[in-house]
$ cat input17.txt   # compact mmCIF, C-alpha atoms
# COMPACT_ATOMS: atom_id res chain seq x y z
CA MET N 19 5.01 77.00 -29.04
CA LYS N 20 7.92 74.81 -28.03
CA LYS N 21 8.85 71.21 -28.73
CA LEU N 22 10.22 68.86 -26.13
CA SER N 23 11.98 65.82 -27.56
CA LEU N 24 13.44 62.79 -25.82
CA ILE N 25 14.90 59.87 -27.73
CA GLY N 26 14.25 56.35 -26.57
CA LEU N 27 12.26 57.23 -23.44
CA THR N 28 10.97 54.11 -21.74
CA LEU N 29 7.31 54.55 -20.83
CA LEU N 30 6.09 52.31 -18.05
CA MET N 31 2.36 52.72 -18.31
CA GLY N 32 -0.22 50.20 -17.21
CA CYS N 33 1.07 46.67 -17.67
CA ASN N 34 3.28 47.28 -20.69
CA SER N 35 6.68 48.85 -21.32
CA ASP N 36 7.24 50.68 -24.58
CA THR N 37 10.25 52.55 -25.89
CA GLU N 38 9.25 55.52 -28.01
CA ASN N 39 10.84 58.56 -29.59
CA ILE N 40 8.68 61.42 -28.32
CA THR N 41 8.29 64.96 -29.62
CA ILE N 42 5.58 66.88 -27.82
CA GLU N 43 4.63 70.42 -28.76
CA HIS N 44 3.54 72.54 -25.84
CA SER N 45 3.10 76.15 -24.68
CA PRO N 46 4.97 76.92 -21.44
CA LEU N 47 3.09 79.18 -19.05
CA GLU N 48 5.25 82.08 -18.04
CA SER N 49 3.47 83.58 -15.04
CA THR N 50 0.71 82.96 -12.53
CA SER N 51 0.13 86.71 -12.26
CA PHE N 52 -3.37 87.64 -13.41
CA ILE N 53 -2.08 90.86 -14.98
CA TYR N 54 0.79 89.24 -16.87
CA GLY N 55 -0.85 89.40 -20.29
CA ASN N 56 -1.86 86.78 -22.82
CA SER N 57 1.29 86.13 -24.84
CA ASP N 58 1.82 82.65 -23.38
CA LEU N 59 -1.85 81.74 -23.81
CA ARG N 60 -2.23 82.42 -27.53
CA GLN N 61 -2.00 78.72 -28.38
CA PHE N 62 -4.74 77.98 -25.85
CA VAL N 63 -7.00 80.68 -27.29
CA SER N 64 -6.33 79.42 -30.81
CA ALA N 65 -6.94 75.78 -29.89
CA THR N 66 -10.32 76.55 -28.30
CA ALA N 67 -11.56 78.93 -31.00
CA GLY N 68 -14.93 78.02 -32.46
CA TYR N 69 -16.03 75.65 -29.71
CA ASP N 70 -19.35 76.23 -27.93
CA PHE N 71 -18.16 74.94 -24.57
CA ILE N 72 -14.70 74.91 -23.01
CA GLY N 73 -14.28 72.70 -19.95
CA LEU N 74 -11.56 73.87 -17.58
CA GLY N 75 -10.93 71.17 -15.02
CA GLU N 76 -8.84 71.06 -11.88
CA ALA N 77 -7.33 67.94 -10.31
CA SER N 78 -8.16 69.09 -6.80
CA HIS N 79 -9.56 72.20 -5.19
CA GLN N 80 -7.18 74.40 -3.22
CA GLY N 81 -4.22 74.55 -5.61
CA SER N 82 -2.82 78.05 -6.20
CA LYS N 83 -1.37 77.43 -9.67
CA ALA N 84 -4.49 75.63 -10.93
CA TYR N 85 -6.60 78.56 -9.75
CA SER N 86 -4.24 81.18 -11.19
CA TYR N 87 -3.63 79.69 -14.63
CA ARG N 88 -7.30 78.91 -15.24
CA ALA N 89 -8.29 82.42 -14.17
CA ARG N 90 -5.77 83.79 -16.68
CA MET N 91 -7.13 81.44 -19.35
CA LEU N 92 -10.62 82.82 -18.85
CA LYS N 93 -9.36 86.39 -19.06
CA ALA N 94 -7.51 85.57 -22.31
CA LEU N 95 -10.59 83.90 -23.79
CA HIS N 96 -12.64 87.00 -23.05
CA GLU N 97 -10.06 89.47 -24.33
CA GLU N 98 -8.92 87.55 -27.42
CA GLY N 99 -11.65 84.98 -28.00
CA ASN N 100 -15.45 84.89 -27.82
CA LEU N 101 -16.01 84.01 -24.17
CA ASP N 102 -19.11 85.68 -22.75
CA PHE N 103 -20.25 83.23 -20.06
CA ILE N 104 -18.40 81.44 -17.25
CA ALA N 105 -20.48 78.59 -15.81
CA PHE N 106 -18.96 78.24 -12.35
CA GLU N 107 -19.07 75.23 -10.04
CA ALA N 108 -21.43 76.78 -7.50
CA GLY N 109 -25.10 76.29 -6.74
CA LEU N 110 -27.60 77.60 -9.31
CA TYR N 111 -29.44 79.61 -6.66
CA ASP N 112 -26.21 81.15 -5.37
CA GLY N 113 -25.13 81.96 -8.91
CA LEU N 114 -28.18 84.09 -9.67
CA ALA N 115 -28.43 85.55 -6.16
CA ALA N 116 -24.83 86.80 -6.37
CA TRP N 117 -25.28 88.09 -9.93
CA GLN N 118 -28.46 89.94 -8.93
CA ASN N 119 -26.65 91.71 -6.09
CA TYR N 120 -23.84 92.61 -8.50
CA LEU N 121 -26.22 93.95 -11.16
CA THR N 122 -28.16 96.06 -8.66
CA ASP N 123 -24.93 97.42 -7.13
CA GLU N 124 -25.89 96.02 -3.76
CA GLN N 125 -22.47 94.31 -3.63
CA ASN N 126 -19.43 94.02 -5.81
CA LEU N 127 -19.11 90.55 -7.34
CA LEU N 128 -16.42 89.31 -4.93
CA ASP N 129 -18.54 90.22 -1.93
CA ALA N 130 -21.65 88.86 -3.63
CA VAL N 131 -20.21 85.35 -4.11
CA THR N 132 -18.97 85.40 -0.51
CA GLY N 133 -22.24 86.17 1.29
CA PRO N 134 -24.56 86.49 2.98
CA ASP N 135 -27.11 86.06 0.16
CA ALA N 136 -24.95 83.56 -1.76
CA ASN N 137 -22.07 81.29 -0.84
CA TYR N 138 -19.75 79.99 -3.53
CA MET N 139 -17.48 77.12 -2.43
CA PHE N 140 -15.12 78.33 0.31
CA GLY N 141 -12.01 77.42 -1.67
CA HIS N 142 -13.14 79.76 -4.43
CA ARG N 143 -14.70 82.65 -2.56
CA TYR N 144 -11.83 83.01 -0.07
CA SER N 145 -8.85 82.55 -2.40
CA ALA N 146 -6.63 85.46 -3.35
CA GLU N 147 -6.07 83.91 -6.78
CA LEU N 148 -9.74 83.89 -7.72
CA ALA N 149 -10.36 87.31 -6.23
CA HIS N 150 -8.56 88.64 -9.33
CA LEU N 151 -11.05 86.88 -11.62
CA PHE N 152 -14.12 88.05 -9.69
CA ASN N 153 -12.78 91.61 -9.64
CA TYR N 154 -11.98 91.47 -13.36
CA VAL N 155 -15.58 90.52 -14.19
CA ASP N 156 -16.88 93.11 -11.72
CA GLN N 157 -14.95 95.95 -13.36
CA LEU N 158 -16.03 95.21 -16.94
CA PRO N 159 -18.77 97.42 -18.41
CA LYS N 160 -22.00 95.52 -17.85
CA ASP N 161 -23.56 96.44 -21.17
CA THR N 162 -20.73 96.74 -23.74
CA THR N 163 -18.22 93.93 -23.12
CA PRO N 164 -20.15 91.66 -20.78
CA LEU N 165 -18.72 88.55 -19.21
CA LEU N 166 -21.21 86.66 -17.08
CA LEU N 167 -19.98 84.51 -14.18
CA ILE N 168 -22.82 82.40 -12.77
CA GLY N 169 -23.09 79.28 -10.62
CA TYR N 170 -24.84 76.40 -12.38
CA ASP N 171 -24.65 73.41 -10.06
CA ALA N 172 -27.68 71.27 -9.26
CA ARG N 173 -26.05 70.63 -5.87
CA ILE N 174 -27.40 73.67 -4.05
CA ASN N 175 -25.90 73.21 -0.59
CA SER N 176 -25.00 76.69 0.59
CA ASP N 177 -26.34 78.24 3.78
CA PRO N 178 -28.85 80.49 1.94
CA GLY N 179 -29.72 77.65 -0.44
CA CYS N 180 -30.65 75.42 2.49
CA SER N 181 -32.69 78.09 4.26
CA VAL N 182 -33.96 81.35 2.77
CA MET N 183 -34.31 79.85 -0.72
CA PHE N 184 -37.29 77.83 0.50
CA ASP N 185 -38.92 80.87 2.08
CA GLU N 186 -38.56 82.66 -1.26
CA LEU N 187 -39.98 79.70 -3.20
CA GLU N 188 -42.90 79.54 -0.78
CA ASN N 189 -43.52 83.27 -1.23
CA TYR N 190 -43.55 82.80 -5.01
CA LEU N 191 -46.02 79.90 -4.84
CA VAL N 192 -48.32 81.85 -2.53
CA SER N 193 -48.19 84.95 -4.75
CA GLN N 194 -49.23 82.88 -7.76
CA SER N 195 -51.91 80.92 -5.87
CA LEU N 196 -49.91 77.73 -6.42
CA TYR N 197 -49.12 76.88 -2.82
CA GLN N 198 -50.01 73.37 -1.61
CA GLU N 199 -49.76 72.10 1.97
CA SER N 200 -47.35 69.42 0.72
CA PHE N 201 -44.73 72.12 0.18
CA ALA N 202 -44.12 72.11 3.95
CA THR N 203 -42.72 68.59 3.58
CA ILE N 204 -40.45 69.66 0.72
CA LYS N 205 -39.27 72.55 2.86
CA SER N 206 -38.48 70.31 5.82
CA LEU N 207 -36.89 67.35 4.01
CA SER N 208 -34.79 69.18 1.43
CA PRO N 209 -32.28 70.80 3.81
CA ILE N 210 -31.62 67.42 5.46
CA MET N 211 -30.68 66.11 2.03
CA MET N 212 -28.81 69.21 0.81
CA CYS N 213 -26.87 70.19 3.94
CA PRO N 214 -26.58 67.03 6.05
CA TRP N 215 -23.87 68.61 8.22
CA TYR N 216 -26.58 70.77 9.81
CA ALA N 217 -29.17 67.99 10.19
CA ASP N 218 -29.80 66.09 13.41
CA ARG N 219 -30.67 62.89 11.53
CA ASP N 220 -29.81 61.05 8.32
CA PHE N 221 -31.63 61.46 5.03
CA THR N 222 -33.30 58.09 4.45
CA VAL N 223 -34.56 56.15 1.45
CA THR N 224 -38.09 56.82 2.68
CA ASP N 225 -37.32 60.54 2.78
CA HIS N 226 -35.94 60.33 -0.76
CA HIS N 227 -39.04 58.65 -2.16
CA GLN N 228 -41.37 61.10 -0.44
CA LEU N 229 -39.33 64.13 -1.45
CA THR N 230 -38.89 63.19 -5.10
CA SER N 231 -42.57 62.33 -5.42
CA LEU N 232 -43.58 65.75 -4.10
CA LEU N 233 -40.96 67.46 -6.24
CA SER N 234 -42.36 65.70 -9.30
CA GLU N 235 -45.73 67.29 -8.57
CA LEU N 236 -44.09 70.68 -8.05
CA ILE N 237 -42.18 70.32 -11.32
CA SER N 238 -45.44 69.65 -13.14
CA THR N 239 -47.06 72.72 -11.55
CA LEU N 240 -44.11 74.98 -12.39
CA THR N 241 -43.89 73.64 -15.96
CA THR N 242 -47.49 74.71 -16.54
CA GLN N 243 -46.96 78.06 -14.83
CA LYS N 244 -43.82 78.77 -16.88
CA GLU N 245 -45.89 78.76 -20.07
CA LEU N 246 -48.15 81.46 -18.64
CA GLU N 247 -45.38 83.91 -17.78
CA MET N 248 -43.61 86.39 -20.02
CA ILE N 249 -40.03 87.10 -19.00
CA PRO N 250 -38.49 90.42 -20.12
CA ASP N 251 -35.26 90.25 -22.09
CA TYR N 252 -32.06 90.37 -20.09
CA ASP N 253 -30.95 93.96 -19.56
CA PRO N 254 -28.06 94.41 -17.12
CA THR N 255 -29.07 98.03 -16.58
CA SER N 256 -32.59 96.98 -15.53
CA PRO N 257 -32.26 93.59 -13.82
CA ARG N 258 -35.19 91.21 -13.63
CA GLU N 259 -35.90 89.65 -10.24
CA PHE N 260 -35.27 85.98 -10.92
CA ARG N 261 -37.24 84.92 -7.85
CA ASN N 262 -40.44 86.14 -9.53
CA TYR N 263 -40.48 83.56 -12.33
CA ALA N 264 -41.53 79.93 -12.59
CA SER N 265 -38.78 79.37 -15.15
CA PHE N 266 -36.14 79.76 -12.43
CA TRP N 267 -37.97 77.82 -9.74
CA LEU N 268 -38.55 74.97 -12.20
CA GLN N 269 -34.77 74.59 -12.57
CA VAL N 270 -34.43 74.63 -8.79
CA ALA N 271 -37.09 71.95 -8.35
CA LYS N 272 -35.40 69.75 -10.96
CA SER N 273 -32.06 70.36 -9.26
CA LEU N 274 -33.46 69.36 -5.87
CA SER N 275 -34.76 66.11 -7.31
CA ALA N 276 -31.42 65.35 -8.97
CA HIS N 277 -29.62 66.21 -5.74
CA SER N 278 -31.79 63.77 -3.81
CA TYR N 279 -30.90 60.97 -6.24
CA PHE N 280 -27.23 61.99 -5.94
CA GLN N 281 -27.36 61.86 -2.16
CA ILE N 282 -29.24 58.58 -1.80
CA ASN N 283 -27.03 56.83 -4.37
CA GLY N 284 -23.76 57.38 -2.55
CA LEU N 285 -22.95 60.81 -4.06
CA GLU N 286 -23.25 59.58 -7.64
CA ASP N 287 -22.36 62.64 -9.73
CA ALA N 288 -24.19 61.46 -12.86
CA PHE N 289 -27.54 62.53 -11.38
CA THR N 290 -26.58 66.10 -10.53
CA ASP N 291 -24.19 66.58 -13.45
CA ASN N 292 -26.93 65.66 -15.91
CA GLN N 293 -29.17 68.32 -14.39
CA SER N 294 -26.28 70.76 -14.19
CA ALA N 295 -25.83 70.44 -17.95
CA GLU N 296 -29.47 71.44 -18.39
CA ASN N 297 -29.00 74.33 -15.94
CA ILE N 298 -26.10 75.65 -18.04
CA ARG N 299 -28.20 75.44 -21.21
CA TRP N 300 -31.10 77.17 -19.44
CA LEU N 301 -28.86 79.96 -18.17
CA ARG N 302 -27.26 80.61 -21.54
CA GLU N 303 -30.17 80.10 -23.91
CA GLU N 304 -33.26 80.95 -21.86
CA TRP N 305 -32.49 83.19 -18.92
CA PHE N 306 -29.76 85.32 -20.50
CA ASN N 307 -30.45 84.48 -24.17
CA LEU N 308 -26.81 84.96 -25.13
CA PRO N 309 -25.80 84.95 -28.81
CA ASP N 310 -24.86 81.69 -30.50
CA SER N 311 -21.49 83.17 -31.41
CA GLY N 312 -20.37 83.34 -27.78
CA GLN N 313 -18.52 80.69 -25.83
CA THR N 314 -19.24 79.14 -22.43
CA ALA N 315 -16.39 78.08 -20.15
CA ILE N 316 -17.17 75.49 -17.49
CA TRP N 317 -15.08 75.98 -14.35
CA ALA N 318 -15.19 72.75 -12.36
CA HIS N 319 -13.26 69.83 -10.95
CA ASN N 320 -11.93 67.43 -13.58
CA ILE N 321 -14.63 64.89 -12.73
CA HIS N 322 -17.26 67.36 -13.95
CA ALA N 323 -15.38 69.25 -16.68
CA ILE N 324 -14.02 66.41 -18.83
CA PRO N 325 -16.22 63.89 -20.70
CA ILE N 326 -15.87 60.87 -18.45
CA HIS N 327 -19.08 58.92 -17.91
CA GLY N 328 -21.69 60.90 -16.02
CA SER N 329 -19.90 64.28 -16.02
CA VAL N 330 -21.39 67.64 -16.97
CA THR N 331 -19.53 67.58 -20.28
CA ASP N 332 -20.62 64.01 -20.95
CA ALA N 333 -24.23 65.10 -20.38
CA ILE N 334 -23.78 68.03 -22.78
CA HIS N 335 -22.50 65.62 -25.45
CA LYS N 336 -25.50 63.34 -24.99
CA ARG N 337 -28.25 65.91 -24.46
CA TYR N 338 -27.06 68.57 -26.89
CA PRO N 339 -25.11 66.77 -29.64
CA ASP N 340 -25.15 69.85 -31.85
CA LYS N 341 -22.89 71.65 -29.36
CA SER N 342 -19.11 71.33 -29.57
CA THR N 343 -16.79 71.07 -26.58
CA TYR N 344 -13.07 71.50 -25.95
CA ASN N 345 -12.00 69.92 -22.68
CA VAL N 346 -8.87 70.75 -20.68
CA ILE N 347 -7.82 68.19 -18.08
CA GLN N 348 -5.59 69.61 -15.36
CA LEU N 349 -2.85 67.28 -14.16
CA THR N 350 -0.38 67.69 -11.33
CA TYR N 351 2.54 65.49 -10.33
CA ARG N 352 3.41 66.55 -6.79
CA GLY N 353 2.94 69.45 -4.42
CA ARG N 354 0.81 70.73 -1.59
CA LEU N 355 -2.70 72.14 -1.33
CA ALA N 356 -4.29 74.57 1.10
CA ALA N 357 -6.25 72.95 3.92
CA TYR N 358 -9.73 71.89 2.83
CA THR N 359 -11.64 73.98 5.35
CA PRO N 360 -13.77 77.14 5.26
CA ASP N 361 -11.54 78.52 8.01
CA SER N 362 -9.10 80.22 5.66
CA SER N 363 -6.81 81.12 8.58
CA GLN N 364 -5.81 77.43 8.57
CA TRP N 365 -5.01 77.18 4.85
CA ALA N 366 -1.31 77.93 5.17
CA ILE N 367 -0.93 76.14 8.50
CA ASN N 368 -2.44 72.75 7.67
CA THR N 369 -1.46 72.22 4.05
CA VAL N 370 -2.02 68.76 2.60
CA PRO N 371 0.19 66.79 0.19
CA TYR N 372 -0.78 65.97 -3.38
CA TYR N 373 0.99 63.27 -5.32
CA SER N 374 0.63 61.16 -8.45
CA GLU N 375 1.84 57.59 -8.61
CA ALA N 376 4.57 56.21 -10.85
CA ARG N 377 3.47 54.85 -14.22
CA THR N 378 0.91 57.60 -14.68
CA VAL N 379 0.71 60.23 -17.39
CA ASN N 380 1.42 62.75 -14.63
CA HIS N 381 4.70 61.02 -13.75
CA SER N 382 5.72 60.67 -17.40
CA LEU N 383 5.20 64.38 -18.09
CA PHE N 384 7.22 65.21 -14.99
CA SER N 385 9.98 62.81 -16.01
CA LEU N 386 10.06 64.39 -19.45
CA GLY N 387 10.89 67.69 -17.76
CA PHE N 388 7.76 69.62 -18.68
CA PRO N 389 7.32 72.95 -16.89
CA ASP N 390 3.93 74.48 -16.13
CA THR N 391 2.48 74.23 -19.61
CA PHE N 392 -0.49 73.77 -21.91
CA ILE N 393 -0.53 70.84 -24.34
CA ASP N 394 -3.03 70.76 -27.20
CA PHE N 395 -3.47 67.24 -28.53
CA LYS N 396 -4.59 68.36 -31.98
CA SER N 397 -1.41 70.43 -32.49
CA GLN N 398 0.92 67.45 -32.22
CA SER N 399 2.78 66.78 -35.46
CA THR N 400 3.29 63.13 -34.57
CA SER N 401 1.21 60.63 -32.65
CA THR N 402 2.48 59.43 -29.29
CA ALA N 403 1.39 56.47 -27.20
CA LEU N 404 1.47 58.74 -24.16
CA PHE N 405 -1.75 60.39 -25.37
CA ASN N 406 -3.24 57.87 -27.79
CA GLN N 407 -3.10 54.61 -25.85
CA PRO N 408 -4.69 53.57 -22.53
CA GLN N 409 -2.74 54.99 -19.60
CA THR N 410 -3.21 55.39 -15.88
CA ILE N 411 -4.04 59.04 -15.10
CA ARG N 412 -4.29 60.70 -11.71
CA PHE N 413 -6.89 63.43 -12.33
CA ALA N 414 -8.94 63.10 -9.13
CA GLY N 415 -8.90 61.35 -5.79
CA GLY N 416 -9.91 57.73 -5.27
CA SER N 417 -8.93 54.76 -7.39
CA LEU N 418 -6.43 55.18 -10.22
CA PRO N 419 -8.32 54.95 -13.55
CA VAL N 420 -7.11 53.92 -16.99
CA TYR N 421 -8.10 56.06 -19.98
CA THR N 422 -6.75 56.98 -23.36
CA PRO N 423 -6.02 60.68 -22.73
CA THR N 424 -7.38 61.83 -26.11
CA SER N 425 -10.70 60.09 -25.32
CA ILE N 426 -11.37 62.27 -22.28
CA ALA N 427 -9.67 65.56 -23.13
CA ASP N 428 -8.49 67.79 -25.95
CA GLY N 429 -5.63 69.31 -24.02
CA ILE N 430 -3.72 69.24 -20.74
CA LEU N 431 -2.90 71.98 -18.27
CA PHE N 432 0.12 70.39 -16.63
CA ILE N 433 1.54 71.63 -13.34
CA PRO N 434 4.51 69.52 -12.18
CA ARG N 435 4.52 70.96 -8.66
CA GLU N 436 1.48 72.61 -7.12
CA VAL N 437 1.54 75.08 -4.22
CA PRO N 438 -1.23 75.86 -1.72
CA ALA N 439 -3.91 78.41 -2.54
CA VAL N 440 -3.55 81.65 -0.63
CA ALA N 441 -6.34 83.09 1.48
CA ARG N 442 -7.26 86.67 0.67

$ encode --input "input17.txt" --output "structure tokens"
Amino acid sequence: MKKLSLIGLTLLMGCNSDTENITIEHSPLESTSFIYGNSDLRQFVSATAGYDFIGLGEASHQGSKAYSYRARMLKALHEEGNLDFIAFEAGLYDGLAAWQNYLTDEQNLLDAVTGPDANYMFGHRYSAELAHLFNYVDQLPKDTTPLLLIGYDARINSDPGCSVMFDELENYLVSQSLYQESFATIKSLSPIMMCPWYADRDFTVTDHHQLTSLLSELISTLTTQKELEMIPDYDPTSPREFRNYASFWLQVAKSLSAHSYFQINGLEDAFTDNQSAENIRWLREEWFNLPDSGQTAIWAHNIHAIPIHGSVTDAIHKRYPDKSTYNVIQLTYRGRLAAYTPDSSQWAINTVPYYSEARTVNHSLFSLGFPDTFIDFKSQSTSTALFNQPQTIRFAGGSLPVYTPTSIADGILFIPREVPAVAR
């Protein structure tokens, strides 16, 4: 660990100017290479030891360094910590569909998250940086040193999620003599809500009320059916077919309802993130029944991974107060990002700028001369207003919020200058 000290730095944060002697302990990150080793990540592993959940945020999708460092962090947590489950920002259906293809050797994990049976977000499935992480998990022994990487998101908006998933749910309901004619309405309305870019009309308030009412009935039916079914223990050498169980389809039905509320309320994340928190708990404790000693890392955008109001981590705090979380907020000052398009041939051609305003924590860290580094708040020997008083922080798009950094994170992954993600 290193210390960076500046005497008499003038901080211009918010509406006030303060002069403060600052000494900040931090751990510089020495390489973006996935195979570099873990020597520069020991402080990160130590800081997160003993926590049930570790949120790893990113300020914006499509940044190469943010992808690379967080992938290395996960590898270090698995090799030197107790990480056994990566909850990835991808649809719940896609998460289990990809994992099933991986377990049955139908596809390697990288191909499985790409398609056609599952689609993780294009920025993740097509990036060269994350290919290293997917391949790392793929090459681990499935039964001796397992590391699960599964999508958890209640926002199921992939191509298979908006199409074949409903055929499979219908097949399950028919096989269990649970099918009702009203399911046809669920099947027709849901894709308009989930994947509006394919729909020829808008999803309306009337649609929302009708859909959520029918989903409520389906949730009740699946809740009863779940109690009647016995699910074999998870055995990676003899995979269960997740599509054959009410327990899975119940989580999907709940996710569809949450997604409808998200969509009709102007993309309000609190609805889907609350359900996503339950999906993560279900995956870990019910479907995979992983040991209490293991850790779950949540790979997501900052707005989901740190405990701001309505985020996944905020929902975990409220719904499961016995669980502990360590939250890493990723901050960038300036740089460029790969184009936000599934056409990865355009990523390097149409890069987009990323910047943080003056008088932000981002700008202060840059002005202090910090390199790419990890800062653990609890390791600081002295208190600093930079972290312990309200500041403006650029951690996502949109309006510039004011937070006390220590109230929304336990540490910072700081990248002064980002570079575009590279297509594989």

$ closest_residue --input "input17.txt" --among "N:Tyr144, N:Phe289, N:Phe395, N:Trp117" --to "Tyr344 of chain N" --atoms "all atoms listed in the file"
N:Phe395

$ residues_around --input "input17.txt" --residues "Leu268 of chain N" --least-positions-apart "4" --cutoff "9 Å" --atoms "all atoms listed in the file" --output "PyMOL selection string"
chain N and resi 236-241+244+263-264+272-273

$ write_last_selection --input "input17.txt" --atoms "C-alpha atoms" --output "compact mmCIF listing (two decimals), in the coordinates of the input"
# COMPACT_ATOMS: atom_id res chain seq x y z
CA LEU N 236 -44.09 70.68 -8.05
CA ILE N 237 -42.18 70.32 -11.32
CA SER N 238 -45.44 69.65 -13.14
CA THR N 239 -47.06 72.72 -11.55
CA LEU N 240 -44.11 74.98 -12.39
CA THR N 241 -43.89 73.64 -15.96
CA LYS N 244 -43.82 78.77 -16.88
CA TYR N 263 -40.48 83.56 -12.33
CA ALA N 264 -41.53 79.93 -12.59
CA LYS N 272 -35.40 69.75 -10.96
CA SER N 273 -32.06 70.36 -9.26

$ closest_residue --input "input17.txt" --among "N:Phe384, N:Phe62, N:Tyr138, N:Tyr372" --to "Gly429 of chain N" --atoms "all atoms listed in the file"
N:Phe62

$ atom_distance --input "input17.txt" --atom1 "atom CA of Ser374 of chain N" --atom2 "atom CA of Arg435 of chain N"
10.5 Å

$ closest_residue --input "input17.txt" --among "N:Ser86, N:Ser256, N:Ser401, N:Gln194" --to "Leu151 of chain N" --atoms "only C-alpha atoms"
N:Ser86

$ closest_residue --input "input17.txt" --among "N:Tyr69, N:Trp317, N:Tyr154, N:Tyr358" --to "Ile168 of chain N" --atoms "all atoms listed in the file"
N:Trp317

$ residues_near_point --input "input17.txt" --point "(-7.2, 75.3, -11.5)" --cutoff "9 Å" --atoms "all atoms listed in the file" --output "list in words"
Leu74, Gly75, Glu76, Ala77, Ser78, His79, Gln80, Gly81, Ser82, Lys83, Ala84, Tyr85, Ser86, Tyr87, Arg88, Ala89, Trp317, Ala318, His319, Gln348 and Leu431 of chain N

$ write_last_selection --input "input17.txt" --atoms "C-alpha atoms" --output "JSON list (two decimals), in the coordinates of the input"
[["chain", "number", "residue", "atom", "x", "y", "z"],
["N", 74, "LEU", "CA", -11.56, 73.87, -17.58],
["N", 75, "GLY", "CA", -10.93, 71.17, -15.02],
["N", 76, "GLU", "CA", -8.84, 71.06, -11.88],
["N", 77, "ALA", "CA", -7.33, 67.94, -10.31],
["N", 78, "SER", "CA", -8.16, 69.09, -6.80],
["N", 79, "HIS", "CA", -9.56, 72.20, -5.19],
["N", 80, "GLN", "CA", -7.18, 74.40, -3.22],
["N", 81, "GLY", "CA", -4.22, 74.55, -5.61],
["N", 82, "SER", "CA", -2.82, 78.05, -6.20],
["N", 83, "LYS", "CA", -1.37, 77.43, -9.67],
["N", 84, "ALA", "CA", -4.49, 75.63, -10.93],
["N", 85, "TYR", "CA", -6.60, 78.56, -9.75],
["N", 86, "SER", "CA", -4.24, 81.18, -11.19],
["N", 87, "TYR", "CA", -3.63, 79.69, -14.63],
["N", 88, "ARG", "CA", -7.30, 78.91, -15.24],
["N", 89, "ALA", "CA", -8.29, 82.42, -14.17],
["N", 317, "TRP", "CA", -15.08, 75.98, -14.35],
["N", 318, "ALA", "CA", -15.19, 72.75, -12.36],
["N", 319, "HIS", "CA", -13.26, 69.83, -10.95],
["N", 348, "GLN", "CA", -5.59, 69.61, -15.36],
["N", 431, "LEU", "CA", -2.90, 71.98, -18.27]]

$ closest_atom_pairs --input "input17.txt" --of "segment 249-331 of chain N" --to "segment 122-135 of chain N" --cutoff "10 Å" --atoms "only C-alpha atoms" --output "tab-separated table"
residue	atom	partner	partner_atom	distance
N:Pro254	CA	N:Thr122	CA	8.6
N:Thr255	CA	N:Thr122	CA	8.2
N:Ser256	CA	N:Thr122	CA	8.2
N:Pro257	CA	N:Thr122	CA	7.0
N:Arg258	CA	N:Thr122	CA	9.9

$ atom_distance --input "input17.txt" --atom1 "atom CA of Ile324 of chain N" --atom2 "atom CA of Val346 of chain N"
7.0 Å

$ closest_residue --input "input17.txt" --among "N:Phe388, N:Trp365, N:Phe260, N:Tyr279" --to "Ser208 of chain N" --atoms "all atoms listed in the file"
N:Tyr279

$ atom_distance --input "input17.txt" --atom1 "atom CA of Asn380 of chain N" --atom2 "atom CA of Asn345 of chain N"
17.2 Å

$ residues_near_point --input "input17.txt" --point "(-32.6, 65.7, -1.4)" --cutoff "10 Å" --atoms "all atoms listed in the file" --output "PyMOL selection string"
chain N and resi 173-174+204+207-214+221-222+225-230+233+273-282

$ closest_residue --input "input17.txt" --among "N:Leu383, N:Ala315, N:Val330, N:Val270" --to "His44 of chain N" --atoms "all atoms listed in the file"
N:Leu383
